[in-house]
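Just below is one structure, and these are the notes that go with it.
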Amino acid sequence: MSFRMLSVNLSTGKVEFEDVSDLFSKYIGGTGVLSYLALKDLREDLDPVSPESPIYFGIGPFNGYYPSASKAVAIFKSPLTGNLGESHAGGRFFMAMASAGIHVLRIVGKASCPVYLSIKDEEVKIIPCSSLWGKTATATERILREIEGTKRGKESILRIGPAGERLSRIACVTVDSSRHFGRHGLGAIMGSKNLKAIVISGNRTLRISNWSEYQKLYKEIFDILAYSEVSLKYRDLGTASNVIPLSNTHSLPTRNFSQGFFEGADGISGEHFADEYLVKQIACAHCPIGCIHMGQLREMFAEPHLFRTVRTSYDYEPIFALGSNLGVSKAEEVLRLLSYVERQGWDVMSIGVTLAWATEAFQRGLINTTHTNGLVLSFGDAQTYLKVLGNISKGATEFYRDLERGLGFCVQKYGGEEFAITFGGVESPGYMTGPAAFVGFAVGVRHSHLDCAGYSVDQEFFGKASDPYVEVEKLYKESLWRMVTNSLVTCLFARGGYTMPLVLRGLRVLGVEETEESLMRKARIIHGMKYLLKEKLGFSFDSLKLPEKLTRVYTGRGLVSHKDFDDRVKLYKDKIKEDMAFAQEELKA
Ligand code: SF4
């Protein structure tokens, strides 16, 4: 297989294609290849929103060939944390990249006016688009589709909303109708480059030499993914089905992580969303699971009776962030907040967790109505939260402008660290299952629930005695294996299908010979490279802390102490240090 990198410099207009097949043979693809490039390029003194700050998008060898290998990876220096920024998104982007024969897209520089990048196979254009500046993420997609004359299914459109233009550190990049490079503030980097959008399409045919073996394997993987019990759950109610079970096990963050049980969970459950608001289930390209759920709302846009219909995708994370964690118990209100967030282009988890902190800060008197322009923040008051979002988007006061700089910034300025729920500088994901989840958020390469699935480890230990060694071993193994799947780049919801034997067969059919040993060796190198990069940018295991408030709330596994957290972090650190040393040796060789 051969792989290419397209580099675009927005300052000079220079465009360059380069063969990077050797990097794919060393580091598999996706997150592996991008981590190697980022380790070379990113520095501690690099301003993430400066022209020289690079954005890397990448896909892997499975994209375009196998079902649910439907994601692309973005790596960059995070404006939110100043450390490694990594985010994954589905939609059609991976397919458009594969069809254009571009496996890594590197963007640097800054355009002199707002532009979008148009890539059609070999044709790369930087097109001025001042009239799109200020448009919402949703409107931008609609307009670009008309301008470019593209058809749904062939191309992919990435864009930022006004939040990215304002360089909000929690701005996301929206992909196609409903996917996101959500976390770590990638939207701000695109905004800083005057890059409103990327439109990409290609017409290449992907080649298979061993057709009969490919068809056989394809069907095998397809059948596992399409018909397994887990896939049916994702397709039916989606991840929103987690709301009730998590609440029932005291694991659903409620009112800024004050408790894990939400008395209003029924009103925001996956079942209720489906019964009342679900109008469509869709899928990323080439995915038989189809976990995306679109809810529909009627919105008034002018008095007295002019309405429009708004469709917004929902799943568990937005429901926790704008529902239980804000004390909002009506699905319709969650959808309304979500639709606003979607148009502005914020990362929903970051904005939700920041709003929850702001509410508690208001209750404790750290901020008052002078800061909020007269609004009284209280949990459950969705109408006021909608006004708050409006004030943030208008930059109505200094406080509102600060809120979209993320929770870490707000805490430094206003205090309230003891009830600020962040890990590694990132607003927390929505799981209060116990110590494994918290440690996983803290030590994970992305500070995400998707790094090592600590919530699953906790669930295995519900009602049982703790065993930090076993728990940490499970977290580590999961994180290491995800170096493989995130390099291929498959969707994590398809992890049941992509076992080691199937991955090895999948690679062999594409002409790539690996053994279990050689693949896991590469996984260790990638793992080590990521932490080398994180340390280079200032990360330290020793500075990781369990947010004080989380020591006082009952989780799925009861109370979690600082000692529970610190002991596990220490065990994890020892394992990672070995991977870092291993990667360092391999990089020298
Ligand atoms: S399972 Fe869902 S998120 Fe994953 S590729 Fe399929 S539709 Fe996309």
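Chain lettering (A, B, ...) mirrors the order of the structure tokens, residue numbering begins at 1 for each chain separately, and ligand numbering begins at 1 in order of display.
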
Based on DSSP run over this structure's backbone, return all residues of range 308-543 of chain A in alpha helix (DSSP H), as a PyMOL selection string. chain A and resi 316-322+331-344+348-363+369-372+382-394+398-403+407-414+435-443+449-452+454-461+468-488+500-509+516-536

Could you please take those selected residues and save C-alpha atoms as a short mmCIF file (atom, residue, chain, number, x, y, z; two decimals), in the first residue's frame?
data_model
loop_
_atom_site.label_atom_id
_atom_site.label_comp_id
_atom_site.auth_asym_id
_atom_site.auth_seq_id
_atom_site.Cartn_x
_atom_site.Cartn_y
_atom_site.Cartn_z
CA TYR A 316 -25.10 10.27 25.95
CA GLU A 317 -22.35 12.87 26.32
CA PRO A 318 -24.42 15.93 25.33
CA ILE A 319 -27.29 14.64 27.47
CA PHE A 320 -25.10 14.42 30.56
CA ALA A 321 -23.38 17.77 29.81
CA LEU A 322 -26.50 19.84 29.13
CA ALA A 331 -35.38 16.32 26.74
CA GLU A 332 -36.77 19.22 24.74
CA GLU A 333 -34.73 21.71 26.75
CA VAL A 334 -31.59 19.64 26.34
CA LEU A 335 -32.16 19.58 22.57
CA ARG A 336 -32.69 23.35 22.50
CA LEU A 337 -29.43 23.99 24.35
CA LEU A 338 -27.66 21.45 22.19
CA SER A 339 -28.92 23.03 19.01
CA TYR A 340 -27.50 26.40 20.13
CA VAL A 341 -24.15 24.82 21.04
CA GLU A 342 -24.09 23.07 17.66
CA ARG A 343 -24.63 26.31 15.75
CA GLN A 344 -21.93 28.19 17.66
CA VAL A 348 -20.56 20.25 24.18
CA MET A 349 -18.85 18.55 27.12
CA SER A 350 -16.53 21.49 27.76
CA ILE A 351 -19.26 24.13 27.61
CA GLY A 352 -21.66 22.01 29.72
CA VAL A 353 -19.14 21.30 32.48
CA THR A 354 -18.06 24.95 32.47
CA LEU A 355 -21.68 26.12 32.83
CA ALA A 356 -22.17 23.69 35.72
CA TRP A 357 -19.12 25.13 37.48
CA ALA A 358 -20.40 28.68 36.82
CA THR A 359 -23.73 27.79 38.43
CA GLU A 360 -22.03 26.50 41.57
CA ALA A 361 -19.69 29.51 41.58
CA PHE A 362 -22.77 31.72 41.49
CA GLN A 363 -24.42 29.80 44.33
CA THR A 369 -25.18 39.37 38.78
CA THR A 370 -22.60 42.00 37.85
CA HIS A 371 -20.63 39.26 36.14
CA THR A 372 -23.70 37.70 34.56
CA ALA A 382 -32.74 25.87 30.96
CA GLN A 383 -34.23 29.21 29.88
CA THR A 384 -31.47 31.07 31.69
CA TYR A 385 -28.80 28.72 30.35
CA LEU A 386 -30.01 29.54 26.84
CA LYS A 387 -29.59 33.25 27.63
CA VAL A 388 -26.12 32.54 29.06
CA LEU A 389 -25.11 30.83 25.81
CA GLY A 390 -26.44 33.86 23.91
CA ASN A 391 -24.41 36.17 26.13
CA ILE A 392 -21.26 34.11 25.63
CA SER A 393 -21.70 34.23 21.87
CA LYS A 394 -22.16 38.02 22.03
CA GLU A 398 -15.86 39.94 30.52
CA PHE A 399 -17.17 36.97 32.50
CA TYR A 400 -19.02 35.57 29.48
CA ARG A 401 -15.95 36.05 27.30
CA ASP A 402 -13.95 34.15 29.93
CA LEU A 403 -16.37 31.23 30.04
CA LEU A 407 -12.79 25.96 32.96
CA GLY A 408 -9.05 26.02 33.73
CA PHE A 409 -8.86 29.68 32.77
CA CYS A 410 -12.00 30.58 34.75
CA VAL A 411 -10.72 28.88 37.89
CA GLN A 412 -7.44 30.78 37.74
CA LYS A 413 -9.31 34.05 37.50
CA TYR A 414 -12.36 33.51 39.71
CA PRO A 435 -11.71 5.35 40.67
CA ALA A 436 -10.84 3.60 37.40
CA ALA A 437 -12.84 6.15 35.38
CA PHE A 438 -11.25 9.11 37.22
CA VAL A 439 -7.74 7.70 36.89
CA GLY A 440 -8.39 6.91 33.22
CA PHE A 441 -9.43 10.53 32.52
CA ALA A 442 -6.33 11.81 34.30
CA VAL A 443 -3.67 9.53 32.82
CA HIS A 449 -13.25 8.39 28.55
CA LEU A 450 -12.20 6.92 25.19
CA ASP A 451 -8.54 6.43 26.15
CA CYS A 452 -8.83 3.40 28.38
CA GLY A 454 -12.16 3.20 32.96
CA TYR A 455 -15.94 3.26 33.33
CA SER A 456 -16.05 -0.35 32.05
CA VAL A 457 -13.35 -1.36 34.51
CA ASP A 458 -15.35 0.21 37.34
CA GLN A 459 -18.48 -1.59 36.24
CA GLU A 460 -16.64 -4.92 36.46
CA PHE A 461 -15.79 -4.04 40.07
CA PRO A 468 -5.62 -1.34 42.08
CA TYR A 469 -3.06 -3.59 40.32
CA VAL A 470 -5.67 -5.44 38.32
CA GLU A 471 -7.57 -2.23 37.54
CA VAL A 472 -4.47 -0.41 36.33
CA GLU A 473 -3.38 -3.40 34.26
CA LYS A 474 -6.77 -3.36 32.53
CA LEU A 475 -6.59 0.40 31.89
CA TYR A 476 -3.10 0.08 30.47
CA LYS A 477 -3.93 -2.88 28.21
CA GLU A 478 -6.98 -1.12 26.83
CA SER A 479 -5.03 2.07 26.15
CA LEU A 480 -2.26 0.09 24.44
CA TRP A 481 -4.67 -1.84 22.21
CA ARG A 482 -6.35 1.43 21.24
CA MET A 483 -3.00 2.55 19.80
CA VAL A 484 -3.65 -0.15 17.18
CA THR A 485 -7.33 0.53 16.50
CA ASN A 486 -6.81 4.31 16.51
CA SER A 487 -4.01 3.90 14.00
CA LEU A 488 -6.11 1.74 11.68
CA MET A 500 -6.29 -9.21 17.08
CA PRO A 501 -6.89 -12.20 14.73
CA LEU A 502 -9.27 -10.17 12.52
CA VAL A 503 -6.94 -7.17 12.48
CA LEU A 504 -4.01 -9.37 11.37
CA ARG A 505 -6.15 -10.96 8.65
CA GLY A 506 -7.42 -7.54 7.58
CA LEU A 507 -3.88 -6.27 7.18
CA ARG A 508 -2.75 -9.41 5.35
CA VAL A 509 -5.56 -9.10 2.79
CA GLU A 516 0.73 -10.15 17.09
CA GLU A 517 4.19 -9.46 18.44
CA SER A 518 5.19 -6.96 15.74
CA LEU A 519 1.88 -5.11 15.99
CA MET A 520 2.02 -4.78 19.77
CA ARG A 521 5.62 -3.63 19.51
CA LYS A 522 4.42 -0.79 17.29
CA ALA A 523 1.59 -0.09 19.73
CA ARG A 524 4.14 0.34 22.55
CA ILE A 525 6.24 2.69 20.45
CA ILE A 526 3.18 4.81 19.60
CA HIS A 527 2.07 4.79 23.24
CA GLY A 528 5.53 5.84 24.37
CA MET A 529 5.78 8.54 21.68
CA LYS A 530 2.55 10.11 22.84
CA TYR A 531 3.75 10.44 26.42
CA LEU A 532 7.16 11.66 25.24
CA LEU A 533 5.26 14.35 23.37
CA LYS A 534 3.08 15.10 26.36
CA GLU A 535 6.10 15.47 28.64
CA LYS A 536 7.86 17.61 26.04
#

Proximity check chain A to ligand 1, 10 Å, nearest pairs one decimal Å, only C-alpha atoms and all ligand atoms, as CSV:
residue,atom,partner,partner_atom_place_in_ligand_line,distance
A:Pro67,CA,ligand 1,5 (S),8.4
A:Ser68,CA,ligand 1,5 (S),4.8
A:Ala69,CA,ligand 1,5 (S),6.8
A:Ser70,CA,ligand 1,5 (S),4.8
A:Lys71,CA,ligand 1,5 (S),6.4
A:His88,CA,ligand 1,3 (S),9.8
A:Ala89,CA,ligand 1,3 (S),7.8
A:Gly90,CA,ligand 1,8 (Fe),5.2
A:Gly91,CA,ligand 1,8 (Fe),6.5
A:Arg92,CA,ligand 1,8 (Fe),9.3
A:Ser178,CA,ligand 1,8 (Fe),9.8
A:Arg179,CA,ligand 1,3 (S),7.9
A:Leu225,CA,ligand 1,1 (S),9.0
A:Ala226,CA,ligand 1,1 (S),9.9
A:Ser231,CA,ligand 1,1 (S),7.7
A:Tyr234,CA,ligand 1,1 (S),7.2
A:Arg235,CA,ligand 1,1 (S),8.2
A:Gly238,CA,ligand 1,2 (Fe),8.5
A:Thr239,CA,ligand 1,2 (Fe),9.4
A:Gln281,CA,ligand 1,7 (S),9.0
A:Ile282,CA,ligand 1,7 (S),6.7
A:Ala283,CA,ligand 1,7 (S),3.8
A:Cys284,CA,ligand 1,8 (Fe),4.2
A:Ala285,CA,ligand 1,5 (S),7.3
A:His286,CA,ligand 1,5 (S),7.6
A:Cys287,CA,ligand 1,6 (Fe),4.7
A:Pro288,CA,ligand 1,6 (Fe),6.6
A:Ile289,CA,ligand 1,6 (Fe),5.0
A:Gly290,CA,ligand 1,7 (S),3.9
A:Cys291,CA,ligand 1,2 (Fe),4.0
A:Ile292,CA,ligand 1,7 (S),5.5
A:His293,CA,ligand 1,7 (S),9.2
A:Thr490,CA,ligand 1,5 (S),7.6
A:Cys491,CA,ligand 1,4 (Fe),4.7
A:Leu492,CA,ligand 1,4 (Fe),6.6
A:Phe493,CA,ligand 1,1 (S),5.1
A:Ala494,CA,ligand 1,1 (S),6.5
A:Arg495,CA,ligand 1,1 (S),9.8

To test your reading of the structure, identify every residue in range 304-434 of chain A that backbone DSSP assigns to strand (DSSP E or B), and report it as JSON, numbers by chain. {"A": [306, 307, 308, 309, 310, 311, 312, 313, 314, 346, 422, 423, 426, 427]}

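Taking CA of Lys26 in chain A and CA of Ser78 in chain A as endpoints, the distance between them is 25.6 Å.
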
Residue with the minimum atom-to-atom distance to Ala74 in chain A, picked from A:Lys14, A:Cys172, A:His305, A:Ile28 with only C-alpha atoms counted, is A:Cys172

With 10 Å as the cut-off and only C-alpha atoms counted, what is the closest atom pair between each nearby residue of range 384-484 of chain A and range 240-263 of chain A? Distances in Å to one decimal, ordered by chain and number, as a Markdown table.
| residue | atom | partner | partner_atom | distance |
| --- | --- | --- | --- | --- |
| A:Phe419 | CA | A:Asn256 | CA | 7.9 |
| A:Ala420 | CA | A:Asn256 | CA | 8.3 |
| A:Ile421 | CA | A:Phe257 | CA | 7.7 |
| A:Ser428 | CA | A:Phe257 | CA | 9.7 |
| A:Pro429 | CA | A:Pro253 | CA | 9.1 |
| A:Gly430 | CA | A:Pro253 | CA | 6.0 |
| A:Tyr431 | CA | A:Ser251 | CA | 5.8 |
| A:Met432 | CA | A:Ser251 | CA | 4.1 |
| A:Thr433 | CA | A:Ser251 | CA | 4.6 |
| A:Gly434 | CA | A:Ser251 | CA | 7.8 |
| A:Tyr455 | CA | A:Ser251 | CA | 9.1 |
| A:Gln459 | CA | A:Thr249 | CA | 9.3 |
| A:Phe462 | CA | A:Thr249 | CA | 8.9 |
